[in-house]
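Structure below is work_24.cif: mmCIF, C-alpha atoms and all ligand atoms.
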data_data
#
loop_
_atom_site.label_atom_id
_atom_site.label_comp_id
_atom_site.auth_asym_id
_atom_site.auth_seq_id
_atom_site.Cartn_x
_atom_site.Cartn_y
_atom_site.Cartn_z
CA MET K 1 129.36 165.70 85.92
CA THR K 2 125.80 164.29 85.70
CA ALA K 3 124.40 162.65 82.58
CA THR K 4 122.12 165.69 82.25
CA THR K 5 124.92 168.14 81.90
CA SER K 6 127.23 165.83 79.95
CA THR K 7 124.91 164.31 77.33
CA VAL K 8 121.93 166.62 76.93
CA SER K 9 121.76 169.74 74.80
CA LYS K 10 121.17 173.09 76.46
CA GLU K 11 117.73 173.29 74.82
CA GLN K 12 116.71 169.85 76.12
CA ALA K 13 118.00 170.65 79.63
CA ALA K 14 115.94 173.85 79.60
CA ILE K 15 112.77 171.92 78.64
CA GLU K 16 113.35 169.48 81.50
CA GLN K 17 114.09 172.22 84.03
CA THR K 18 110.97 174.15 83.00
CA LEU K 19 108.83 171.11 83.80
CA THR K 20 110.45 170.70 87.24
CA ASP K 21 109.90 174.41 87.93
CA GLN K 22 106.25 174.19 86.83
CA VAL K 23 105.54 171.28 89.17
CA ILE K 24 107.21 173.07 92.09
CA ALA K 25 105.25 176.25 91.31
CA SER K 26 102.02 174.22 91.44
CA PHE K 27 102.50 174.07 95.24
CA ASP K 28 102.59 177.87 95.57
CA ASP K 29 99.11 178.11 97.08
CA CYS K 30 99.58 175.26 99.53
CA GLN K 31 98.61 176.58 102.99
CA ASP K 32 100.60 173.92 104.82
CA GLU K 33 104.17 175.24 104.69
CA ARG K 34 105.71 171.96 105.84
CA LEU K 35 103.84 169.92 103.24
CA LYS K 36 104.93 172.42 100.59
CA GLU K 37 108.56 172.15 101.70
CA ILE K 38 108.54 168.36 101.64
CA LEU K 39 106.74 168.05 98.28
CA THR K 40 109.07 170.60 96.72
CA SER K 41 112.05 168.57 97.89
CA VAL K 42 110.52 165.27 96.71
CA VAL K 43 109.84 166.68 93.23
CA THR K 44 113.29 168.27 93.00
CA HIS K 45 115.05 164.99 93.85
CA LEU K 46 112.70 162.72 91.88
CA HIS K 47 113.09 164.78 88.75
CA ALA K 48 116.85 164.84 89.28
CA VAL K 49 116.92 161.02 89.45
CA ILE K 50 114.93 160.72 86.22
CA ARG K 51 117.09 163.27 84.46
CA GLU K 52 120.47 162.14 85.74
CA THR K 53 119.90 158.46 84.99
CA ARG K 54 118.05 159.21 81.73
CA LEU K 55 115.38 156.83 83.01
CA THR K 56 113.54 154.94 80.25
CA GLU K 57 109.75 154.66 80.15
CA GLU K 58 110.12 150.91 80.57
CA GLU K 59 112.24 151.39 83.71
CA TRP K 60 109.72 153.84 85.19
CA SER K 61 106.93 151.35 84.49
CA LYS K 62 108.97 148.61 86.23
CA ALA K 63 109.42 150.90 89.24
CA ILE K 64 105.66 151.42 89.40
CA ASP K 65 105.07 147.65 89.13
CA PHE K 66 107.54 147.15 92.00
CA LEU K 67 105.79 149.67 94.26
CA THR K 68 102.43 148.13 93.34
CA ALA K 69 103.73 144.71 94.44
CA VAL K 70 105.01 146.24 97.69
CA GLY K 71 101.48 147.55 98.28
CA HIS K 72 99.77 144.28 97.37
CA ILE K 73 101.76 142.16 99.82
CA THR K 74 101.26 144.67 102.65
CA ASP K 75 98.52 143.96 105.19
CA ASP K 76 98.11 144.35 108.96
CA LYS K 77 100.72 141.60 109.57
CA ARG K 78 103.19 142.25 106.75
CA GLN K 79 104.51 145.79 106.18
CA GLU K 80 106.59 145.63 103.03
CA PHE K 81 106.91 149.43 102.83
CA ILE K 82 108.73 149.41 106.18
CA LEU K 83 111.04 146.66 104.89
CA LEU K 84 111.71 148.79 101.81
CA SER K 85 112.43 151.83 103.97
CA ASP K 86 114.71 149.71 106.20
CA THR K 87 116.68 148.08 103.38
CA LEU K 88 117.21 151.41 101.60
CA GLY K 89 118.55 152.94 104.81
CA ALA K 90 115.66 155.43 104.96
CA SER K 91 114.58 154.23 108.41
CA MET K 92 118.09 154.62 109.83
CA GLN K 93 118.50 158.04 108.18
CA THR K 94 115.22 159.21 109.79
CA ILE K 95 116.49 157.90 113.13
CA ALA K 96 119.81 159.72 112.64
CA VAL K 97 118.03 163.00 111.91
CA ASN K 98 115.65 162.70 114.86
CA ASN K 99 117.96 161.25 117.53
CA GLN K 100 121.01 163.44 117.30
CA ALA K 101 123.87 162.52 119.58
CA TYR K 102 123.43 164.07 123.02
CA GLU K 103 126.33 163.85 125.46
CA ASP K 104 126.76 160.15 126.33
CA ALA K 105 123.15 159.13 125.66
CA THR K 106 122.78 155.59 124.29
CA GLU K 107 122.40 155.51 120.51
CA ALA K 108 119.11 154.62 118.86
CA THR K 109 118.62 152.16 116.03
CA VAL K 110 115.90 150.75 113.79
CA PHE K 111 112.55 149.71 115.36
CA GLY K 112 111.67 146.87 112.97
CA PRO K 113 108.23 145.36 112.44
CA PHE K 114 108.11 142.84 115.29
CA PHE K 115 107.26 144.92 118.38
CA LEU K 116 103.95 144.13 120.14
CA GLU K 117 102.24 146.52 122.58
CA ASP K 118 100.89 143.86 124.90
CA ALA K 119 103.96 141.79 125.82
CA PRO K 120 103.74 140.25 129.31
CA ARG K 121 105.18 141.98 132.35
CA ILE K 122 108.00 140.18 134.17
CA ASP K 123 109.70 141.00 137.46
CA ILE K 124 113.35 141.96 137.55
CA GLY K 125 115.32 138.75 136.95
CA GLY K 126 112.36 137.14 135.13
CA ASP K 127 112.52 135.21 131.86
CA ILE K 128 111.27 136.63 128.55
CA ALA K 129 111.51 133.30 126.69
CA PHE K 130 108.00 131.99 127.45
CA GLY K 131 108.90 128.84 125.53
CA ALA K 132 111.10 130.40 122.83
CA VAL K 133 114.02 128.03 122.23
CA GLY K 134 117.62 129.23 122.46
CA GLN K 135 120.70 129.53 124.63
CA PRO K 136 119.88 131.33 127.90
CA ALA K 137 121.43 134.77 128.30
CA TRP K 138 121.46 136.85 131.49
CA ILE K 139 121.15 140.53 130.60
CA GLU K 140 121.65 143.21 133.21
CA GLY K 141 122.30 146.91 133.40
CA ARG K 142 121.57 150.25 134.93
CA ILE K 143 119.60 153.09 133.40
CA THR K 144 120.71 156.65 134.12
CA ASP K 145 120.15 160.12 132.71
CA THR K 146 123.01 162.11 131.21
CA GLU K 147 123.78 163.55 134.66
CA GLY K 148 124.41 159.99 135.91
CA ARG K 149 121.25 159.90 138.05
CA PRO K 150 119.52 156.50 138.19
CA VAL K 151 116.21 156.32 136.36
CA ARG K 152 113.70 154.51 138.58
CA ASN K 153 110.59 152.83 137.25
CA ALA K 154 111.67 153.11 133.59
CA ARG K 155 109.63 150.78 131.39
CA VAL K 156 111.96 148.43 129.53
CA GLU K 157 110.47 146.53 126.57
CA VAL K 158 112.59 143.72 125.14
CA TRP K 159 111.97 141.42 122.20
CA GLU K 160 113.98 138.97 120.11
CA CYS K 161 113.78 135.99 117.79
CA ASP K 162 114.27 132.34 118.76
CA ASP K 163 117.13 130.05 117.72
CA ASP K 164 115.43 129.41 114.38
CA GLY K 165 115.61 133.13 113.64
CA LEU K 166 111.85 133.61 113.95
CA TYR K 167 109.85 136.02 116.11
CA ASP K 168 106.70 134.68 117.79
CA VAL K 169 104.49 136.67 115.38
CA GLN K 170 106.03 134.78 112.45
CA TYR K 171 104.42 131.53 113.67
CA ASP K 172 100.73 131.22 112.93
CA ASP K 173 99.78 129.54 116.22
CA GLY K 174 99.22 132.80 118.16
CA ARG K 175 102.10 132.22 120.60
CA MET K 176 103.66 135.12 122.49
CA SER K 177 107.29 134.39 123.36
CA GLY K 178 110.71 136.00 123.32
CA ARG K 179 109.30 139.30 124.57
CA ALA K 180 108.31 141.02 127.80
CA HIS K 181 108.44 144.31 129.68
CA LEU K 182 109.81 145.11 133.10
CA PHE K 183 110.52 148.17 135.26
CA THR K 184 113.81 149.38 136.72
CA ASP K 185 114.25 149.35 140.50
CA GLU K 186 115.14 152.19 142.93
CA ASN K 187 118.73 152.19 141.64
CA GLY K 188 117.73 152.24 137.97
CA GLU K 189 118.80 148.61 137.65
CA TYR K 190 117.20 145.87 135.57
CA SER K 191 118.00 142.27 134.71
CA PHE K 192 116.29 139.43 132.92
CA TRP K 193 116.86 136.10 131.26
CA GLY K 194 116.65 136.22 127.47
CA LEU K 195 118.22 134.21 124.65
CA THR K 196 121.68 134.71 123.19
CA PRO K 197 120.75 136.52 119.94
CA VAL K 198 121.30 134.81 116.57
CA PRO K 199 121.44 136.33 113.05
CA TYR K 200 118.24 135.97 111.01
CA PRO K 201 116.92 137.06 107.61
CA ILE K 202 114.28 139.77 107.36
CA PRO K 203 111.20 138.51 105.45
CA HIS K 204 112.52 138.15 101.90
CA ASP K 205 109.82 136.23 100.06
CA GLY K 206 108.31 139.42 98.58
CA PRO K 207 109.34 142.29 96.30
CA VAL K 208 111.95 143.62 98.77
CA GLY K 209 113.59 140.16 98.82
CA LYS K 210 113.64 140.24 94.99
CA MET K 211 115.27 143.66 95.08
CA LEU K 212 117.96 142.42 97.50
CA ASP K 213 118.57 139.43 95.22
CA ALA K 214 118.84 141.64 92.16
CA VAL K 215 121.59 143.72 93.77
CA GLY K 216 123.37 140.72 95.33
CA ARG K 217 122.57 141.66 98.93
CA SER K 218 121.84 139.31 101.80
CA PRO K 219 118.61 139.73 103.80
CA VAL K 220 120.38 138.67 107.01
CA ARG K 221 120.49 140.95 110.07
CA ALA K 222 123.33 140.78 112.57
CA ALA K 223 122.27 139.03 115.80
CA HIS K 224 120.54 141.47 118.15
CA LEU K 225 118.15 141.96 121.04
CA HIS K 226 115.64 144.84 120.82
CA PHE K 227 115.06 147.37 123.60
CA MET K 228 112.60 150.22 123.96
CA VAL K 229 112.89 152.31 127.13
CA HIS K 230 110.30 154.87 128.31
CA ALA K 231 110.82 157.10 131.33
CA GLU K 232 109.07 160.31 132.28
CA GLY K 233 110.83 163.48 131.18
CA LEU K 234 113.39 161.57 129.12
CA ARG K 235 113.69 160.79 125.43
CA THR K 236 112.23 157.37 124.58
CA LEU K 237 115.02 155.13 123.37
CA VAL K 238 114.49 152.49 120.68
CA THR K 239 117.62 150.46 120.19
CA HIS K 240 119.22 146.99 120.07
CA ILE K 241 122.33 145.37 121.39
CA PHE K 242 124.51 143.36 119.02
CA VAL K 243 126.81 140.45 119.82
CA GLU K 244 130.57 141.02 119.76
CA GLY K 245 132.20 138.37 117.55
CA ASP K 246 129.07 137.72 115.44
CA PRO K 247 130.50 137.06 111.93
CA GLN K 248 127.45 138.80 110.41
CA LEU K 249 128.79 142.10 111.80
CA GLU K 250 131.64 141.79 109.28
CA ILE K 251 129.36 140.77 106.42
CA GLY K 252 126.88 143.58 107.10
CA ASP K 253 123.43 144.16 108.52
CA SER K 254 120.65 144.21 105.91
CA VAL K 255 118.99 147.29 107.43
CA PHE K 256 122.14 149.26 108.37
CA GLY K 257 121.21 149.18 112.08
CA VAL K 258 124.63 148.45 113.61
CA LYS K 259 126.45 151.08 115.66
CA ASP K 260 129.76 150.27 117.31
CA SER K 261 128.56 151.55 120.69
CA LEU K 262 125.77 148.96 120.63
CA ILE K 263 128.04 145.92 120.15
CA LYS K 264 128.21 144.18 123.53
CA THR K 265 130.06 141.22 124.95
CA PHE K 266 127.95 138.15 125.59
CA GLU K 267 130.38 136.32 127.88
CA LYS K 268 130.20 132.56 127.40
CA GLN K 269 129.54 130.66 130.63
CA ALA K 270 130.46 126.98 130.69
CA ALA K 271 127.80 124.47 131.68
CA GLY K 272 127.80 124.23 135.44
CA THR K 273 128.79 127.88 136.07
CA SER K 274 126.58 129.21 138.84
CA THR K 275 123.92 131.66 137.72
CA PRO K 276 123.33 135.16 139.18
CA ASP K 277 119.91 134.22 140.58
CA GLY K 278 120.56 130.56 141.39
CA ARG K 279 118.65 129.30 138.33
CA ASP K 280 119.48 125.67 137.67
CA LEU K 281 121.09 125.41 134.23
CA THR K 282 122.87 122.12 134.88
CA GLY K 283 124.54 120.88 131.69
CA ILE K 284 123.64 124.00 129.72
CA GLU K 285 126.01 126.68 128.41
CA TRP K 286 124.74 130.21 128.86
CA THR K 287 125.95 133.77 128.33
CA ARG K 288 125.81 137.01 130.25
CA CYS K 289 125.83 140.56 129.01
CA ARG K 290 125.86 144.01 130.63
CA PHE K 291 124.06 146.85 128.91
CA ASP K 292 124.03 150.17 130.78
CA ILE K 293 121.68 152.69 129.22
CA VAL K 294 121.87 156.48 129.29
CA LEU K 295 118.70 158.40 128.39
CA ALA K 296 118.78 161.89 126.86
CA PRO K 297 116.40 164.60 128.12
CA GLU K 298 113.03 164.64 126.38
CA ASP K 299 113.74 167.91 124.60
CA ALA K 300 117.33 167.04 123.58
C1 LIG Z 401 114.08 143.61 113.20
O1 LIG Z 401 115.15 143.77 113.69
O2 LIG Z 401 113.24 143.04 113.86
C2 LIG Z 401 113.85 144.08 111.79
C3 LIG Z 401 114.29 145.34 111.41
C4 LIG Z 401 114.06 145.76 110.11
C5 LIG Z 401 113.41 144.93 109.21
C6 LIG Z 401 112.98 143.67 109.61
C7 LIG Z 401 113.22 143.24 110.90
FE FE Z 402 114.96 142.10 115.12
#
How would this structure read if it were set down as C-alpha cells?
Amino acid sequence: MTATTSTVSKEQAAIEQTLTDQVIASFDDCQDERLKEILTSVVTHLHAVIRETRLTEEEWSKAIDFLTAVGHITDDKRQEFILLSDTLGASMQTIAVNNQAYEDATEATVFGPFFLEDAPRIDIGGDIAFGAVGQPAWIEGRITDTEGRPVRNARVEVWECDDDGLYDVQYDDGRMSGRAHLFTDENGEYSFWGLTPVPYPIPHDGPVGKMLDAVGRSPVRAAHLHFMVHAEGLRTLVTHIFVEGDPQLEIGDSVFGVKDSLIKTFEKQAAGTSTPDGRDLTGIEWTRCRFDIVLAPEDA
C-alpha cells in the first residue's frame, strides 16, 4: 500500500488526483502524439513520486538545487546529466529497451562519455596505447552476423583508460592515447594490442559524486575495454568487455553496465612468453583475450 492510500483522506487524494488529471489534460491539443505520450507518462510518474513519498517543499527545493548544480557543472567536456542518467540506471534501461536480445547477438552496454570520433586508425595487430601506460593485452576475435557469416571491413572502435584509471581526455595536455579504430579482414577477424583493463572511478567531484556519497555507493566501474562496431546492414554495437576475476565485479559497477556474457578471460602470460606477432616484451607480463562478436541485423 502506498503512503497516498494509507495515510491520506479520500478527499485529499481526490484533490491530488484532480491536479494530475488537469495537467495531463493540458496536453490534449498537442499535435505530436509521441511527445504527448511521453509527457503524459512523465507527469503521471512524477506526481506519483511526490504523492507516494509525501515530498516536502524543502525536499523538492533541494531536488531543484541538485539539478541546477548538475546543469552548472556541465559543459562541452563534462556531461553531468549523462553521469546522472548512468548512475541511476537510466542509460542501461534505455539500452535494454532499444537493443533487445536477438538470437546470439553480442549484448550492448553503456556508451559512457569518453568516446572520441577522430581516434587514429591502426592496422590489424596494431597498438592502441599511443603512450598510455599499462600492462599490454593482446585482444583478438572474429565478427560474424547471426547466420555465422564473417563480417568483412567492419569498423571496430576501441577505447580504454590507462593504469591510473584515466582516459586521455581527462588529462589537460591534449594527448590522444588508449584509443584507435581498425577494420576486420576478409575473414571478419581483428586483433590489436591494448592494455589489460583496470577499475576506475567515474568523475565524482560534482553533484553526482555527492549523490553517490549520500547513498553510500562507490563511483568505481568494473575494469573494462570499450568497443563500438559498425558494419553495413547490421545493428551498430556499443559494448565493453569486462575482466574475469576482477574483484570490482563482485562489489558492483557504478553504472550497472556488467552483463555476464561480456565477462572475458584475460589469460595471464608470464614474462618471456612469445607473443602472437613476435613483439618483444622481454621481462614484461602480458595478457591475451578472445572476444568474438555477433552482430544483429539492422532492423532486429
Ligand atoms: C565509461 O565507461 O567510460 C563510463 C560510463 C559511464 C559513466 C562514466 C564513464
Ligand atoms: Fe569506460
How would you report the residues lying within 7 Å of ligand LIG 401 (chain Z), as an NGL selection string, if you count all atoms listed in the file? :K and (83 or 86 or 110-114 or 202-203 or 255)
Counting all atoms listed in the file, which protein, DNA or RNA residues come within 9 Å of ligand FE 402 (chain Z), given as a PyMOL selection string? chain K and resi 110-115+159-161+167+199-200+202+221-226+240
Using all atoms listed in the file, which residue out of K:Lys259, K:Arg175, K:Lys268, K:Arg217 lies closest to Thr87 of chain K? K:Arg217
Box for segment 9-21 of chain K: with edges along x, y and z, all listed atoms inside and 4 Å added on each side, what are the centre and edge lengths in Å to one decimal, as lines of an AutoDock Vina configuration file?
center_x = 115.3
center_y = 171.9
center_z = 81.4
size_x = 20.9
size_y = 12.9
size_z = 21.1
Calculate how many Å separate atom CA of Ile128 of chain K from atom CA of Ser177 of chain K, rounding to one decimal.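 Distance reported for this atom pair: 6.9 Å.
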Exercise: Arg155 of chain K partners within 7 Å, only C-alpha atoms, chain neighbours under 6 positions left out, as an MDAnalysis selection string: chainID K and resid 181:184 229:231
Point-to-point distance from atom CA of Leu262 of chain K to atom CA of Phe227 of chain K, Å rounded to tenths: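 Between these atoms lies a distance of 11.2 Å.
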Closest of K:Val258, K:Asp29, K:Glu117, K:Ala132 to Thr239 of chain K - atom-to-atom distances counting all atoms listed in the file: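 Under the stated criterion, the closest residue is K:Val258.
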Can you list, as a ChimeraX atom specification, every protein, DNA or RNA residue that comes within 10 Å of Leu281 of chain K when you count all atoms listed in the file, leaving out same-chain residues fewer than 5 positions away? /K:136,271-275,286
Separation of atom CA of Ala105 of chain K and atom CA of Thr146 of chain K, in Å?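 Atom-to-atom, atom CA of Ala105 of chain K to atom CA of Thr146 of chain K, that is 6.3 Å.
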Selection near Gly125 of chain K, 7 Å with all atoms listed in the file, sequence-local residues under 6 positions removed, as a list in words: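 Using all atoms listed in the file, the neighbours found are Ser191, Phe192 and Trp193 of chain K.
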Which one is closest to Gly245 of chain K: K:Met176, K:Ile50, K:Val198, K:Ile284? Count all atoms listed in the file.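 Using all atoms listed in the file, Gly245 of chain K sits closest to K:Val198.
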Which residues are close to Glu147 of chain K, i.e. within 12 Å by all atoms listed in the file, leaving aside same-chain residues fewer than 5 positions away? Reply as a PyMOL selection string. chain K and resi 102-105+234+294-297
Using only C-alpha atoms, which residue out of K:Ile15, K:Ala69, K:Val133, K:Leu35 lies closest to Gly178 of chain K? K:Val133
Of the candidates K:Glu244, K:Thr53, K:Gly188, K:Gly257, which shows the shortest atom-to-atom distance to Cys289 of chain K, using only C-alpha atoms? K:Glu244
